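Okay, so here's the structure we're looking at.
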Amino acid sequence: MQPNDSPSSDEGPRRPTMLSGFLDRWRADDRVGMASFLITDATLLVDGGGHLPVPTHEVQGAARVAAALADVSETTGATLLEERRINGSPGVVLRDGDDVVAVALFSFANSRIVRAWVVANPSKLGHWNRR
């Protein structure tokens with residue numbers, strides 16, 4: 001996943017609004033609220049590179065995906081979640097101070113999140129933390 005400094009803003013009229021709403025609930029650790037933005041059988045893949053206690057298998061189901069995403073924030077020590085464009089798509093950058101500790105991408109259908117991917121593998125985030 002490649003960084004892009006511009007906020008996510010032009011993925012169509014619904015995605016940024018929907019992702020912003022999802023992100024508000026994520027910041028509040030509102031797992032039930034997060035799940036409401038996901039399709040029932042949403043999936044999540046997390047790459048922690050064996051460095052973090054994150055799921056090593058695909059997580060399935062809206063409630064489980066929401067919980068796993070909230071847990072990633074806690075596990076990585078993320079104190080700031082920012083909506084950003086990643087590889088040209090809407091995503092979220094998780095930071096601990098100035099350091100990027102994870103990035104997340106999402107796919108959408110019918111204004112809901114279908115699939116999420118998170119990279120929290122420190123060895124894959126080096127280019128995000130160049131100063």
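In the structure tokens, each chain is lettered A, B, ... as it comes, each chain's residues begin at 1, and ligands are numbered from 1 in order of appearance.
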
Query - Neighbour list for A:Arg25 as a PyMOL selection string, cut-off 10 Å, only C-alpha atoms, skip fewer than 3 positions in-chain - result: chain A and resi 19-22+28-37+66+70

Would you save the residues from that selection as a PDB file, in the first residue's frame, using C-alpha atoms?
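out_31.pdb, written as the output of this step:
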```pdb
ATOM      1  CA  LEU A  19     -16.310   5.881   5.389  1.00  0.00           C
ATOM      2  CA  SER A  20     -16.282   9.063   7.496  1.00  0.00           C
ATOM      3  CA  GLY A  21     -19.268   7.775   9.481  1.00  0.00           C
ATOM      4  CA  PHE A  22     -17.574   4.407   9.930  1.00  0.00           C
ATOM      5  CA  ALA A  28     -15.280   6.081  19.491  1.00  0.00           C
ATOM      6  CA  ASP A  29     -14.655   2.317  19.806  1.00  0.00           C
ATOM      7  CA  ASP A  30     -18.348   1.828  18.961  1.00  0.00           C
ATOM      8  CA  ARG A  31     -18.135  -1.719  17.646  1.00  0.00           C
ATOM      9  CA  VAL A  32     -21.891  -2.068  17.170  1.00  0.00           C
ATOM     10  CA  GLY A  33     -21.938   1.191  15.229  1.00  0.00           C
ATOM     11  CA  MET A  34     -18.965   0.039  13.129  1.00  0.00           C
ATOM     12  CA  ALA A  35     -20.727  -3.223  12.313  1.00  0.00           C
ATOM     13  CA  SER A  36     -23.737  -1.311  10.994  1.00  0.00           C
ATOM     14  CA  PHE A  37     -21.557   0.004   8.142  1.00  0.00           C
ATOM     15  CA  ALA A  66     -15.657  -4.522  13.629  1.00  0.00           C
ATOM     16  CA  ALA A  70     -10.995  -2.005  16.958  1.00  0.00           C
TER      17      ALA A  70
END
```

**Report entry** Contacts of stretch 87-94 of chain A at 7 Å (only C-alpha atoms; same-chain gap of 2+ positions) as a PyMOL selection string
**Finding:** chain A and resi 1-2+8+78+80-85+100-106

Query - Sel. of alpha helix (DSSP H) residues, chain A, as an MDAnalysis selection string - result: chainID A and resid 14:27 31:35 62:76

Since we have the selection now, will you write its residues out, keeping C-alpha atoms, as a PDB file, in the first residue's frame?
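Output contents, as saved in selection-v8.pdb:
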```pdb
ATOM      1  CA  ARG A  14     -21.389   8.131  -0.836  1.00  0.00           C
ATOM      2  CA  ARG A  15     -18.083   6.416  -0.083  1.00  0.00           C
ATOM      3  CA  PRO A  16     -16.330   9.281   1.714  1.00  0.00           C
ATOM      4  CA  THR A  17     -19.460  10.089   3.731  1.00  0.00           C
ATOM      5  CA  MET A  18     -19.980   6.426   4.589  1.00  0.00           C
ATOM      6  CA  LEU A  19     -16.310   5.881   5.389  1.00  0.00           C
ATOM      7  CA  SER A  20     -16.282   9.063   7.496  1.00  0.00           C
ATOM      8  CA  GLY A  21     -19.268   7.775   9.481  1.00  0.00           C
ATOM      9  CA  PHE A  22     -17.574   4.407   9.930  1.00  0.00           C
ATOM     10  CA  LEU A  23     -14.375   6.139  11.020  1.00  0.00           C
ATOM     11  CA  ASP A  24     -16.255   8.260  13.583  1.00  0.00           C
ATOM     12  CA  ARG A  25     -17.577   5.071  15.169  1.00  0.00           C
ATOM     13  CA  TRP A  26     -14.149   3.409  14.985  1.00  0.00           C
ATOM     14  CA  ARG A  27     -12.592   6.388  16.802  1.00  0.00           C
ATOM     15  CA  ARG A  31     -18.135  -1.719  17.646  1.00  0.00           C
ATOM     16  CA  VAL A  32     -21.891  -2.068  17.170  1.00  0.00           C
ATOM     17  CA  GLY A  33     -21.938   1.191  15.229  1.00  0.00           C
ATOM     18  CA  MET A  34     -18.965   0.039  13.129  1.00  0.00           C
ATOM     19  CA  ALA A  35     -20.727  -3.223  12.313  1.00  0.00           C
ATOM     20  CA  ALA A  62     -19.754  -7.778  10.533  1.00  0.00           C
ATOM     21  CA  ALA A  63     -19.480  -7.970  14.339  1.00  0.00           C
ATOM     22  CA  ARG A  64     -16.203  -9.933  14.213  1.00  0.00           C
ATOM     23  CA  VAL A  65     -14.681  -7.600  11.600  1.00  0.00           C
ATOM     24  CA  ALA A  66     -15.657  -4.522  13.629  1.00  0.00           C
ATOM     25  CA  ALA A  67     -14.173  -6.037  16.784  1.00  0.00           C
ATOM     26  CA  ALA A  68     -10.973  -7.067  14.997  1.00  0.00           C
ATOM     27  CA  LEU A  69     -10.496  -3.579  13.526  1.00  0.00           C
ATOM     28  CA  ALA A  70     -10.995  -2.005  16.958  1.00  0.00           C
ATOM     29  CA  ASP A  71      -8.530  -4.519  18.410  1.00  0.00           C
ATOM     30  CA  VAL A  72      -5.954  -3.614  15.736  1.00  0.00           C
ATOM     31  CA  SER A  73      -6.152   0.012  16.889  1.00  0.00           C
ATOM     32  CA  GLU A  74      -5.550  -1.043  20.463  1.00  0.00           C
ATOM     33  CA  THR A  75      -2.818  -3.565  19.641  1.00  0.00           C
ATOM     34  CA  THR A  76      -0.857  -1.115  17.486  1.00  0.00           C
TER      35      THR A  76
END
```

**Report entry** Backbone-only DSSP, strand (DSSP E) members of chain A, as a PyMOL selection string
**Finding:** chain A and resi 38-47+59-60+80-86+89-96+99-109+112-119

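Atom pair atom CA of A:Glu58 / atom CA of A:Arg95: separated by 23.4 Å.
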